[in-house]
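Asker: Provided below: my_file39.txt, containing compact mmCIF, C-alpha atoms and all ligand atoms.
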# COMPACT_ATOMS: atom_id res chain seq x y z
CA MET A 1 142.99 85.86 15.23
CA ASP A 2 139.47 84.88 14.23
CA GLN A 3 140.54 83.19 11.02
CA PRO A 4 140.51 79.59 9.85
CA VAL A 5 143.57 77.67 11.03
CA ILE A 6 146.10 77.19 8.25
CA ASP A 7 148.40 74.23 7.66
CA HIS A 8 151.33 74.76 10.00
CA ARG A 9 153.62 72.92 7.59
CA GLY A 10 152.59 74.97 4.56
CA PRO A 11 154.12 78.01 2.79
CA GLU A 12 151.56 80.50 4.16
CA PHE A 13 152.56 79.52 7.68
CA ALA A 14 156.26 79.94 6.90
CA SER A 15 155.69 83.53 5.82
CA LEU A 16 153.64 84.17 8.99
CA THR A 17 156.56 82.94 11.16
CA ASN A 18 159.12 84.90 9.17
CA GLU A 19 157.14 88.12 9.43
CA ILE A 20 156.61 87.66 13.18
CA LEU A 21 160.29 86.96 13.84
CA GLU A 22 161.22 90.05 11.81
CA LEU A 23 158.71 92.27 13.65
CA ILE A 24 159.35 90.97 17.15
CA ARG A 25 163.14 91.47 17.35
CA PRO A 26 162.93 95.27 17.45
CA VAL A 27 160.36 95.04 20.27
CA PHE A 28 163.00 93.27 22.38
CA LYS A 29 165.63 95.57 20.82
CA THR A 30 167.63 92.54 19.82
CA SER A 31 169.11 91.10 16.68
CA GLY A 32 169.20 87.65 18.33
CA HIS A 33 166.79 84.74 18.52
CA VAL A 34 163.28 85.02 19.91
CA VAL A 35 161.80 81.63 20.78
CA ILE A 36 158.01 81.40 20.93
CA PHE A 37 156.22 78.68 22.92
CA PRO A 38 152.52 77.82 23.11
CA SER A 39 152.53 78.48 26.87
CA SER A 40 151.84 80.93 29.66
CA GLY A 41 154.61 83.18 31.01
CA THR A 42 155.41 80.54 33.63
CA GLY A 43 156.31 78.11 30.86
CA ALA A 44 158.75 80.67 29.49
CA VAL A 45 160.23 81.04 33.02
CA GLU A 46 160.87 77.30 33.15
CA ALA A 47 162.27 77.35 29.62
CA ALA A 48 164.78 80.08 30.53
CA LEU A 49 166.14 77.97 33.41
CA VAL A 50 166.17 74.48 31.87
CA ASN A 51 167.91 75.65 28.72
CA THR A 52 170.78 77.39 30.44
CA LEU A 53 171.52 75.64 33.74
CA SER A 54 172.49 72.28 35.26
CA PRO A 55 171.27 70.57 38.44
CA GLY A 56 172.79 72.19 41.55
CA ASP A 57 173.83 75.39 39.74
CA ARG A 58 173.80 78.51 41.91
CA VAL A 59 171.33 81.21 40.89
CA LEU A 60 170.96 84.66 42.43
CA ILE A 61 167.35 85.86 42.51
CA PHE A 62 166.37 89.31 43.79
CA GLU A 63 163.32 89.40 46.03
CA THR A 64 161.12 92.09 44.50
CA GLY A 65 157.65 90.67 45.19
CA HIS A 66 155.30 87.83 44.34
CA PHE A 67 156.81 87.10 40.94
CA SER A 68 160.38 86.85 42.20
CA GLN A 69 158.95 84.32 44.65
CA VAL A 70 157.47 82.39 41.73
CA TRP A 71 160.93 82.29 40.11
CA ARG A 72 162.47 81.06 43.35
CA GLY A 73 159.93 78.24 43.67
CA ILE A 74 160.44 77.09 40.08
CA ALA A 75 164.24 77.25 40.36
CA GLU A 76 164.23 75.26 43.60
CA ARG A 77 161.85 72.62 42.26
CA LEU A 78 164.15 72.20 39.25
CA GLY A 79 167.04 71.41 41.62
CA LEU A 80 168.89 74.73 41.41
CA GLN A 81 170.56 76.30 44.42
CA VAL A 82 168.97 79.69 45.00
CA ASP A 83 170.58 82.67 46.73
CA TYR A 84 167.49 84.79 47.40
CA VAL A 85 168.51 88.41 47.94
CA PRO A 86 166.01 89.81 50.46
CA GLY A 87 163.90 92.80 49.52
CA ASN A 88 161.05 94.80 51.07
CA TRP A 89 158.64 94.51 48.08
CA ARG A 90 158.82 98.30 47.61
CA ARG A 91 162.12 98.55 45.76
CA GLY A 92 163.74 96.98 42.74
CA ALA A 93 166.95 94.96 42.56
CA SER A 94 169.85 96.93 44.00
CA GLU A 95 173.00 97.29 41.90
CA THR A 96 175.14 97.84 45.02
CA GLU A 97 173.84 94.64 46.59
CA LEU A 98 174.53 92.82 43.31
CA GLU A 99 178.04 94.21 43.24
CA THR A 100 178.71 93.06 46.82
CA ARG A 101 177.42 89.56 46.10
CA LEU A 102 179.38 89.22 42.88
CA VAL A 103 182.63 90.49 44.41
CA ALA A 104 182.20 87.90 47.19
CA ASP A 105 181.77 85.15 44.59
CA VAL A 106 185.51 84.74 44.07
CA ASN A 107 185.21 81.30 42.49
CA ARG A 108 182.48 82.45 40.08
CA THR A 109 180.02 79.78 41.24
CA ILE A 110 176.96 81.96 40.57
CA LYS A 111 175.76 80.90 37.14
CA ALA A 112 172.82 83.22 36.64
CA ILE A 113 171.26 86.41 38.00
CA VAL A 114 167.46 86.57 37.81
CA VAL A 115 165.64 89.89 37.95
CA VAL A 116 161.97 90.65 37.45
CA HIS A 117 162.10 93.83 35.38
CA ASN A 118 158.63 95.06 36.24
CA GLU A 119 157.34 93.45 39.45
CA THR A 120 153.67 93.14 38.63
CA SER A 121 152.69 92.61 42.26
CA THR A 122 154.09 95.98 43.41
CA GLY A 123 154.50 98.32 40.42
CA VAL A 124 158.26 98.58 40.82
CA THR A 125 160.56 98.55 37.78
CA SER A 126 164.15 97.47 38.36
CA ARG A 127 166.88 99.35 36.52
CA ILE A 128 168.41 96.62 34.39
CA ALA A 129 171.05 98.89 32.82
CA ALA A 130 172.48 99.67 36.28
CA LEU A 131 172.60 95.96 37.16
CA ARG A 132 174.39 95.13 33.92
CA THR A 133 176.90 97.94 34.54
CA ALA A 134 177.68 96.42 37.97
CA MET A 135 178.19 92.97 36.38
CA THR A 136 180.48 94.40 33.71
CA ARG A 137 182.50 96.41 36.24
CA ILE A 138 183.25 93.24 38.19
CA GLY A 139 183.66 91.13 35.09
CA HIS A 140 181.40 88.40 36.44
CA PRO A 141 180.42 85.84 33.78
CA ALA A 142 176.95 84.90 35.13
CA LEU A 143 174.04 84.94 32.74
CA LEU A 144 171.55 87.77 33.18
CA ILE A 145 167.98 86.43 33.02
CA VAL A 146 165.21 89.03 33.05
CA ASP A 147 161.45 88.60 33.45
CA ALA A 148 159.87 91.24 31.23
CA VAL A 149 156.36 89.76 31.36
CA SER A 150 154.71 93.04 32.36
CA SER A 151 157.19 95.44 30.79
CA LEU A 152 157.88 94.37 27.22
CA GLY A 153 155.90 96.49 24.79
CA SER A 154 154.93 98.98 27.53
CA ILE A 155 158.21 100.01 29.16
CA ASP A 156 161.51 100.49 27.36
CA PHE A 157 163.48 97.26 27.24
CA ARG A 158 166.87 96.79 25.53
CA GLN A 159 167.97 93.18 25.26
CA ASP A 160 171.18 93.79 23.29
CA GLU A 161 172.28 97.09 24.82
CA TRP A 162 171.81 95.76 28.38
CA GLU A 163 173.34 92.43 27.37
CA VAL A 164 170.42 90.48 28.75
CA ASP A 165 170.97 86.77 28.09
CA VAL A 166 167.41 85.51 28.37
CA THR A 167 164.28 87.66 28.46
CA VAL A 168 161.05 86.01 29.53
CA VAL A 169 157.68 87.30 28.30
CA GLY A 170 154.03 86.23 28.08
CA SER A 171 151.56 87.32 25.43
CA GLN A 172 148.84 88.78 27.64
CA LYS A 173 150.30 92.09 28.75
CA GLY A 174 152.19 94.64 26.66
CA LEU A 175 151.78 92.47 23.58
CA MET A 176 148.01 92.92 23.98
CA LEU A 177 147.05 89.30 23.19
CA PRO A 178 145.04 86.69 25.02
CA PRO A 179 147.16 84.44 27.26
CA GLY A 180 148.80 81.48 25.58
CA LEU A 181 152.19 82.46 24.13
CA GLY A 182 155.46 82.45 26.05
CA PHE A 183 158.69 84.02 24.76
CA ASN A 184 162.40 83.71 25.41
CA ALA A 185 164.69 86.23 23.70
CA VAL A 186 168.06 84.53 23.74
CA SER A 187 171.60 85.93 23.47
CA GLU A 188 174.42 84.07 21.72
CA LYS A 189 175.98 83.54 25.15
CA ALA A 190 172.79 81.90 26.44
CA LEU A 191 172.56 79.76 23.33
CA ALA A 192 176.15 78.63 23.91
CA ALA A 193 175.32 77.89 27.58
CA SER A 194 172.40 75.74 26.43
CA ARG A 195 174.84 73.35 24.73
CA ASP A 196 176.32 72.37 28.11
CA ALA A 197 173.23 72.84 30.31
CA LYS A 198 172.22 69.51 31.85
CA LEU A 199 168.72 70.17 33.23
CA PRO A 200 166.37 67.77 31.43
CA ARG A 201 164.19 69.37 28.79
CA ASN A 202 162.16 68.38 25.80
CA TYR A 203 159.15 70.58 25.13
CA TRP A 204 161.09 73.67 26.26
CA ASP A 205 164.26 72.93 24.32
CA TRP A 206 165.26 76.02 22.30
CA ARG A 207 167.39 74.16 19.78
CA PRO A 208 164.76 72.37 17.67
CA ILE A 209 162.68 75.57 17.65
CA VAL A 210 165.54 77.81 16.52
CA GLU A 211 166.46 75.20 13.92
CA GLN A 212 162.97 74.78 12.48
CA ASN A 213 162.23 78.52 12.68
CA ARG A 214 164.93 79.01 10.04
CA ALA A 215 162.51 77.54 7.51
CA GLY A 216 159.50 79.22 9.15
CA PHE A 217 158.23 76.23 11.13
CA PHE A 218 157.97 74.82 14.67
CA PRO A 219 158.79 71.32 15.90
CA TYR A 220 155.24 70.83 17.17
CA THR A 221 151.78 72.24 16.48
CA PRO A 222 151.99 75.98 17.15
CA ALA A 223 149.17 78.17 18.50
CA THR A 224 148.39 79.39 15.00
CA ASN A 225 145.53 81.76 15.86
CA LEU A 226 147.56 83.43 18.59
CA LEU A 227 150.33 83.89 16.04
CA PHE A 228 147.86 85.64 13.69
CA ALA A 229 147.05 87.92 16.62
CA LEU A 230 150.71 88.43 17.46
CA ARG A 231 151.48 89.56 13.91
CA GLU A 232 148.70 92.13 14.15
CA ALA A 233 149.77 93.30 17.63
CA LEU A 234 153.36 93.75 16.45
CA ARG A 235 152.15 95.75 13.46
CA LEU A 236 150.14 97.96 15.83
CA LEU A 237 153.18 98.57 18.06
CA HIS A 238 155.33 99.50 15.07
CA GLU A 239 152.61 101.67 13.56
CA GLU A 240 152.40 103.73 16.75
CA GLY A 241 156.19 103.63 17.18
CA LEU A 242 157.73 101.95 20.21
CA GLU A 243 159.00 105.19 21.73
CA ASN A 244 155.49 106.69 21.43
CA VAL A 245 154.04 103.59 23.08
CA PHE A 246 156.44 103.99 26.02
CA ALA A 247 155.65 107.71 26.26
CA ARG A 248 151.92 106.92 26.34
CA HIS A 249 152.40 104.54 29.26
CA ASP A 250 154.71 106.96 31.09
CA ARG A 251 152.05 109.64 30.77
CA HIS A 252 149.26 107.37 32.01
CA ALA A 253 151.43 106.29 34.93
CA ARG A 254 152.11 109.93 35.88
CA ALA A 255 148.39 110.70 35.79
CA THR A 256 147.62 107.61 37.88
CA ARG A 257 150.15 108.65 40.51
CA ALA A 258 148.67 112.14 40.50
CA ALA A 259 145.30 110.56 41.35
CA VAL A 260 146.69 108.32 44.12
CA ASN A 261 148.62 111.23 45.65
CA ALA A 262 145.55 113.47 45.52
CA TRP A 263 143.52 110.79 47.31
CA GLY A 264 146.22 110.91 49.99
CA LEU A 265 146.95 107.20 49.60
CA GLU A 266 150.41 105.66 49.55
CA ILE A 267 152.05 104.28 46.41
CA VAL A 268 153.83 100.97 47.04
CA CYS A 269 156.94 101.89 45.02
CA GLU A 270 159.32 103.85 47.27
CA ASP A 271 161.85 105.07 44.74
CA PRO A 272 160.65 107.46 42.02
CA ARG A 273 163.38 106.11 39.70
CA GLU A 274 161.56 102.78 39.86
CA TYR A 275 157.95 103.84 39.32
CA SER A 276 156.30 101.43 36.91
CA SER A 277 154.74 102.79 33.75
CA SER A 278 152.60 99.69 33.23
CA MET A 279 150.90 99.45 36.62
CA THR A 280 150.56 101.35 39.87
CA ALA A 281 149.89 99.76 43.24
CA PHE A 282 148.75 101.65 46.33
CA PHE A 283 148.24 100.63 49.95
CA MET A 284 144.87 100.63 51.64
CA PRO A 285 144.78 102.58 54.90
CA ASP A 286 145.08 100.38 58.01
CA GLY A 287 141.85 98.62 58.91
CA HIS A 288 140.53 98.68 55.31
CA ASN A 289 140.59 95.65 53.09
CA ALA A 290 141.51 96.01 49.41
CA ASP A 291 139.39 93.01 48.47
CA ARG A 292 136.25 94.70 49.80
CA LEU A 293 136.99 97.74 47.64
CA ARG A 294 137.70 95.51 44.66
CA ALA A 295 134.45 93.59 45.18
CA LEU A 296 132.42 96.82 45.37
CA VAL A 297 134.03 98.20 42.21
CA LEU A 298 133.40 94.92 40.40
CA ASP A 299 129.77 94.74 41.56
CA HIS A 300 128.82 98.32 40.82
CA PHE A 301 130.99 99.24 37.85
CA ASP A 302 131.94 95.90 36.33
CA MET A 303 135.62 96.76 36.60
CA SER A 304 138.15 94.25 37.86
CA LEU A 305 141.12 95.71 39.74
CA GLY A 306 144.32 93.76 40.34
CA VAL A 307 144.30 91.62 43.47
CA GLY A 308 147.01 91.92 46.14
CA LEU A 309 149.31 88.90 45.79
CA SER A 310 150.95 86.74 48.49
CA LYS A 311 151.82 88.86 51.50
CA LEU A 312 150.09 91.88 49.95
CA THR A 313 146.70 90.11 49.88
CA GLY A 314 144.00 92.54 51.00
CA LYS A 315 146.58 95.28 51.48
CA VAL A 316 147.10 96.74 48.03
CA VAL A 317 145.09 97.65 44.96
CA ARG A 318 146.82 97.37 41.59
CA ILE A 319 145.82 99.62 38.71
CA GLY A 320 146.89 98.24 35.34
CA HIS A 321 147.62 100.80 32.63
CA LEU A 322 149.49 98.71 30.11
CA GLY A 323 148.95 97.45 26.59
CA SER A 324 146.11 98.86 24.51
CA PHE A 325 145.09 101.74 26.75
CA ASN A 326 144.05 105.36 26.25
CA ASP A 327 143.16 108.52 28.19
CA LEU A 328 139.46 107.80 28.53
CA MET A 329 140.08 104.23 29.66
CA LEU A 330 142.32 105.64 32.38
CA ALA A 331 139.75 108.29 33.29
CA GLY A 332 137.09 105.56 33.59
CA THR A 333 139.37 103.34 35.64
CA LEU A 334 140.24 106.09 38.11
CA SER A 335 136.61 107.20 38.34
CA GLY A 336 135.59 103.65 39.25
CA ILE A 337 138.22 103.57 41.98
CA GLU A 338 137.27 106.98 43.37
CA MET A 339 133.61 105.95 43.54
CA GLY A 340 134.66 102.64 45.09
CA LEU A 341 136.69 104.43 47.77
CA ARG A 342 133.57 106.37 48.69
CA LEU A 343 131.31 103.31 48.67
CA ALA A 344 133.78 101.38 50.82
CA ALA A 345 134.11 104.35 53.19
CA VAL A 346 137.89 104.31 52.79
CA PRO A 347 139.36 107.51 54.23
CA HIS A 348 140.68 109.57 51.32
CA ARG A 349 140.57 113.07 49.88
CA ASP A 350 138.41 113.98 46.91
CA GLY A 351 139.93 115.09 43.66
CA GLY A 352 142.03 112.15 42.47
CA VAL A 353 140.28 111.95 39.11
CA SER A 354 140.54 115.74 38.64
CA ALA A 355 144.25 115.61 39.40
CA ALA A 356 144.71 112.86 36.82
CA LEU A 357 142.70 114.73 34.17
CA ARG A 358 144.74 117.86 34.88
CA SER A 359 147.96 115.90 34.51
CA LEU A 360 146.78 114.42 31.19
CA THR A 361 145.63 117.74 29.72
CA GLU A 362 148.60 119.78 30.96
CA GLU A 363 150.89 117.39 29.14
CA ILE A 364 148.88 117.76 25.93
CA VAL A 365 149.07 121.55 26.18
CA ALA A 366 152.80 121.41 26.89
CA GLU A 367 153.35 119.30 23.77
CA GLN A 368 151.51 121.69 21.43
CA PRO A 369 153.56 124.21 19.48
CA ILE A 370 153.30 127.60 21.25
CA GLY A 371 151.26 129.31 18.46
CA GLN A 372 148.58 126.63 18.69
CA ARG A 373 148.01 126.83 22.44
CA SER A 374 144.67 128.25 23.40
C1 LIG B 401 156.27 89.49 36.23
C2 LIG B 401 155.55 88.21 35.95
N1 LIG B 401 156.24 87.07 35.82
C3 LIG B 401 155.65 85.90 35.56
C4 LIG B 401 154.28 85.82 35.40
C5 LIG B 401 153.66 84.50 35.12
O1 LIG B 401 153.04 84.49 33.88
P1 LIG B 401 151.76 83.57 33.59
O2 LIG B 401 150.73 83.91 34.59
O3 LIG B 401 151.39 83.91 32.17
O4 LIG B 401 152.23 82.16 33.69
C6 LIG B 401 153.50 86.97 35.53
C7 LIG B 401 152.04 86.93 35.40
O5 LIG B 401 151.35 87.87 35.62
C8 LIG B 401 154.15 88.20 35.81
O6 LIG B 401 153.44 89.32 35.94
Any chance you could give the structure as structure tokens?
Answerer:
Amino acid sequence: MDQPVIDHRGPEFASLTNEILELIRPVFKTSGHVVIFPSSGTGAVEAALVNTLSPGDRVLIFETGHFSQVWRGIAERLGLQVDYVPGNWRRGASETELETRLVADVNRTIKAIVVVHNETSTGVTSRIAALRTAMTRIGHPALLIVDAVSSLGSIDFRQDEWEVDVTVVGSQKGLMLPPGLGFNAVSEKALAASRDAKLPRNYWDWRPIVEQNRAGFFPYTPATNLLFALREALRLLHEEGLENVFARHDRHARATRAAVNAWGLEIVCEDPREYSSSMTAFFMPDGHNADRLRALVLDHFDMSLGVGLSKLTGKVVRIGHLGSFNDLMLAGTLSGIEMGLRLAAVPHRDGGVSAALRSLTEEIVAEQPIGQRS
């Protein structure tokens, strides 16, 4: 991205856009449109809503944690009517609850279902395929809007197969970029809905972007240097192979859980089917504050751990293992936490790092052809 800015109305820029749009579709596993905004993820959240809905529309949002709360706040401030499906912040969206709610909606007044795929505040990944199956079984026409901010490019995501109508993403997580780009992957059904949607929009309007993208341009000055970086990041993901990228994160997540379990601490996610491969959150024992541990780790080892958000403030530590990440980075991360636990006098058992290293190496051995095992 450290290159001179090029003319965003010139031919070199058009080929940059075309290459990015070609490379990004397979990352969403879609053949549809991917709209790119110069924005944070929150901008892309707003864009998903204002392009598809009208004032007063009913939207079902699953409470999964801090980020579902963010969605709720934005939707309400935009004048939407939110049905907030309560959750305990330890589980993902429930397909049986969705089914019950949709069956009860006899007049089909629910216009959209919003699910945070990977709840970054808790390390819980909702099973989108199961939710889509429930919607199909009932034949409910609501749009399915999914926040994949902390899953895309780290955890398998299938826009077309799961019939997701709008996927919301930011640049700073699995896409390995600095903050500053927001994405909406848009189905034909969502694009059709946008023709009738009455919420006011200008900057976030998909239509001029989709139109100008056809020739390789944007309706306003794009974040050119971030787009240079995006092209490179997409090339990296394809070079490694998406399935290998997902397997790498799955493996790091397993090793992280091995460490947390060995410490005798409690993982926030309650359902093993919903363990996140991009981040793991664990609870601090009662009477111990996560922010004190985080401050000690930052002071002594210059490592910044994820803060507990909203009602989890001070209660949980979040370990990020997404994006550009390898075995030794994980080993360093877990070592910093284990030393921090000791410094903060948090009751725990020794051996978390060893358990993680064992998990990492056992998997390498298991993958080697039998003749090559030592
Ligand atoms: C799941 C999720 N949704 C939305 C957002 C908001 O994105 P941003 O902070 O880029 O506006 C985040 C940010 O971390 C997130 O993790």
Asker: Excluding same-chain residues fewer than 5 positions from region 322-329 of chain A, what lies within 8 Å of it counting all atoms listed in the file, as a PyMOL selection string?
Answerer: chain A and resi 153-154+173-176+249+252+277-279+360
Asker: What are the centre and the three edge lengths of an axis-aligned box that wraps all atoms of ligand LIG 401 (chain B) in the file, given that 8 Å is added to every side, written as AutoDock Vina command-line options and rounded to one decimal in Å?
Answerer:
--center_x 153.5 --center_y 85.8 --center_z 34.2 --size_x 21.5 --size_y 23.3 --size_z 20.1
Asker: So that each row is one residue of region 95-152 of chain A with an atom at most 12 Å from region 80-91 of chain A, can you give its shortest atom pair and the distance in Å to one decimal, using all atoms listed in the file, rows by chain and rising number, as JSON lines?
Answerer:
{"residue": "A:Glu95", "atom": "CA", "partner": "A:Arg91", "partner_atom": "CA", "distance": 11.6}
{"residue": "A:Thr96", "atom": "CA", "partner": "A:Val85", "partner_atom": "CA", "distance": 11.9}
{"residue": "A:Glu97", "atom": "CA", "partner": "A:Val85", "partner_atom": "CA", "distance": 8.3}
{"residue": "A:Leu98", "atom": "CA", "partner": "A:Val85", "partner_atom": "CA", "distance": 8.8}
{"residue": "A:Thr100", "atom": "CA", "partner": "A:Val85", "partner_atom": "CA", "distance": 11.3}
{"residue": "A:Arg101", "atom": "CA", "partner": "A:Val85", "partner_atom": "CA", "distance": 9.2}
{"residue": "A:Leu102", "atom": "CA", "partner": "A:Asp83", "partner_atom": "CA", "distance": 11.6}
{"residue": "A:Asp105", "atom": "CA", "partner": "A:Asp83", "partner_atom": "CA", "distance": 11.7}
{"residue": "A:Thr109", "atom": "CA", "partner": "A:Gln81", "partner_atom": "CA", "distance": 10.6}
{"residue": "A:Ile110", "atom": "CA", "partner": "A:Asp83", "partner_atom": "CA", "distance": 8.9}
{"residue": "A:Lys111", "atom": "CA", "partner": "A:Gln81", "partner_atom": "CA", "distance": 10.1}
{"residue": "A:Ala112", "atom": "CA", "partner": "A:Val82", "partner_atom": "CA", "distance": 9.9}
{"residue": "A:Ile113", "atom": "CA", "partner": "A:Asp83", "partner_atom": "CA", "distance": 9.5}
{"residue": "A:Val114", "atom": "CA", "partner": "A:Tyr84", "partner_atom": "CA", "distance": 9.8}
{"residue": "A:Val115", "atom": "CA", "partner": "A:Val85", "partner_atom": "CA", "distance": 10.5}
{"residue": "A:Val116", "atom": "CA", "partner": "A:Arg91", "partner_atom": "CA", "distance": 11.5}
{"residue": "A:His117", "atom": "CA", "partner": "A:Arg91", "partner_atom": "CA", "distance": 11.4}
{"residue": "A:Asn118", "atom": "CA", "partner": "A:Arg91", "partner_atom": "CA", "distance": 10.7}
{"residue": "A:Glu119", "atom": "CA", "partner": "A:Trp89", "partner_atom": "CA", "distance": 8.8}
{"residue": "A:Thr120", "atom": "CA", "partner": "A:Trp89", "partner_atom": "CA", "distance": 10.8}
{"residue": "A:Ser121", "atom": "CA", "partner": "A:Trp89", "partner_atom": "CA", "distance": 8.5}
{"residue": "A:Thr122", "atom": "CA", "partner": "A:Trp89", "partner_atom": "CA", "distance": 6.7}
{"residue": "A:Gly123", "atom": "CA", "partner": "A:Arg90", "partner_atom": "CA", "distance": 8.4}
{"residue": "A:Val124", "atom": "CA", "partner": "A:Arg91", "partner_atom": "CA", "distance": 6.3}
{"residue": "A:Thr125", "atom": "CA", "partner": "A:Arg91", "partner_atom": "CA", "distance": 8.1}
{"residue": "A:Ser126", "atom": "CA", "partner": "A:Arg91", "partner_atom": "CA", "distance": 7.7}
{"residue": "A:Arg127", "atom": "CA", "partner": "A:Arg91", "partner_atom": "CA", "distance": 10.4}
Asker: Which residues are near Gly216 (chain A)? Cut-off 12 Å, all atoms listed in the file, ignore same chain within fewer than 3 positions. Put them as a PyMOL selection string.
Answerer: chain A and resi 8-22+209-213+219+222
Asker: I'd like to know which of A:Leu131, A:Ser187, A:Pro178, A:Leu305 is closest to Ala290 (chain A), using all atoms listed in the file.
Answerer: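 Of all the options, A:Leu305 lies closest to Ala290 (chain A).
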Asker: From the set A:Asp156, A:Ala192, A:Val168, A:Phe217, which residue has the shortest atom-to-atom contact distance to Asn244 (chain A), counting all atoms listed in the file?
Answerer: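 Going through A:Asp156, A:Ala192, A:Val168, A:Phe217 one by one, the smallest distance to Asn244 (chain A) is for A:Asp156.
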Asker: Taking only C-alpha atoms and all ligand atoms into account, report as a ChimeraX atom specification which residues have an atom no farther than 9 Å from an atom of ligand LIG 401 (chain B).
Answerer: /A:39-45,66-68,70-71,116-121,147-151,168-173,179-182
Asker: What does the distance from CA of Gly352 (chain A) to CA of Val268 (chain A) come to in Å, to one decimal?
Answerer: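 Going from CA of Gly352 (chain A) over to CA of Val268 (chain A), I get 16.9 Å.
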Asker: Could you check which of A:Ala262, A:Leu343, A:Leu334, A:Leu242 is closest to Arg318 (chain A), using all atoms listed in the file?
Answerer: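 The closest residue to Arg318 (chain A) is A:Leu334.
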Asker: Within 7 Å of Ser54 (chain A), counting all atoms listed in the file, which residues show up once you throw out same-chain ones fewer than 2 positions away? Write them as number ranges by chain, please.
Answerer: A: 56-57, 197-199
Asker: At what distance in Å, to one decimal, does CA of Leu143 (chain A) lie from CA of Val106 (chain A)?
Answerer: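 Separating CA of Val106 (chain A) from CA of Leu143 (chain A) is a distance of 16.1 Å.
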Asker: Show which residues sit within 12 Å of Met284 (chain A), as a ChimeraX atom specification. Count all atoms listed in the file, and ignore same-chain residues fewer than 6 positions away.
Answerer: /A:260,263-268,290-294,308,312-318,341,344-348
Asker: My list of candidates is A:Glu367, A:Val27, A:Pro38, A:Pro4. Which is closest to Ala223 (chain A) when distances are computed with only C-alpha atoms?
Answerer: A:Pro38
Asker: In Å to one decimal, how far is CA of Val103 (chain A) from CA of Cys269 (chain A)?
Answerer: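 Taking CA of Cys269 (chain A) as the start and CA of Val103 (chain A) as the end point, the length is 28.1 Å.
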Asker: With all atoms listed in the file as the basis for distance, which of A:Ile145, A:Ala75, A:Leu60, A:Ala215 is at the shortest distance from Arg108 (chain A)?
Answerer: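 Ranking A:Ile145, A:Ala75, A:Leu60, A:Ala215 by distance to Arg108 (chain A), first place goes to A:Leu60.
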Asker: With distances taken over all atoms listed in the file, which of A:Val59, A:Ala134, A:Ala185, A:Leu309 is nearest to Phe157 (chain A)?
Answerer: A:Ala185
Asker: Up to 12 Å from (143.6, 110.4, 40.2) in the file's coordinates: name the residues, counting all atoms listed in the file, as an MDAnalysis selection string.
Answerer: chainID A and resid 252:265 280 282 319 330:339 341 348:360
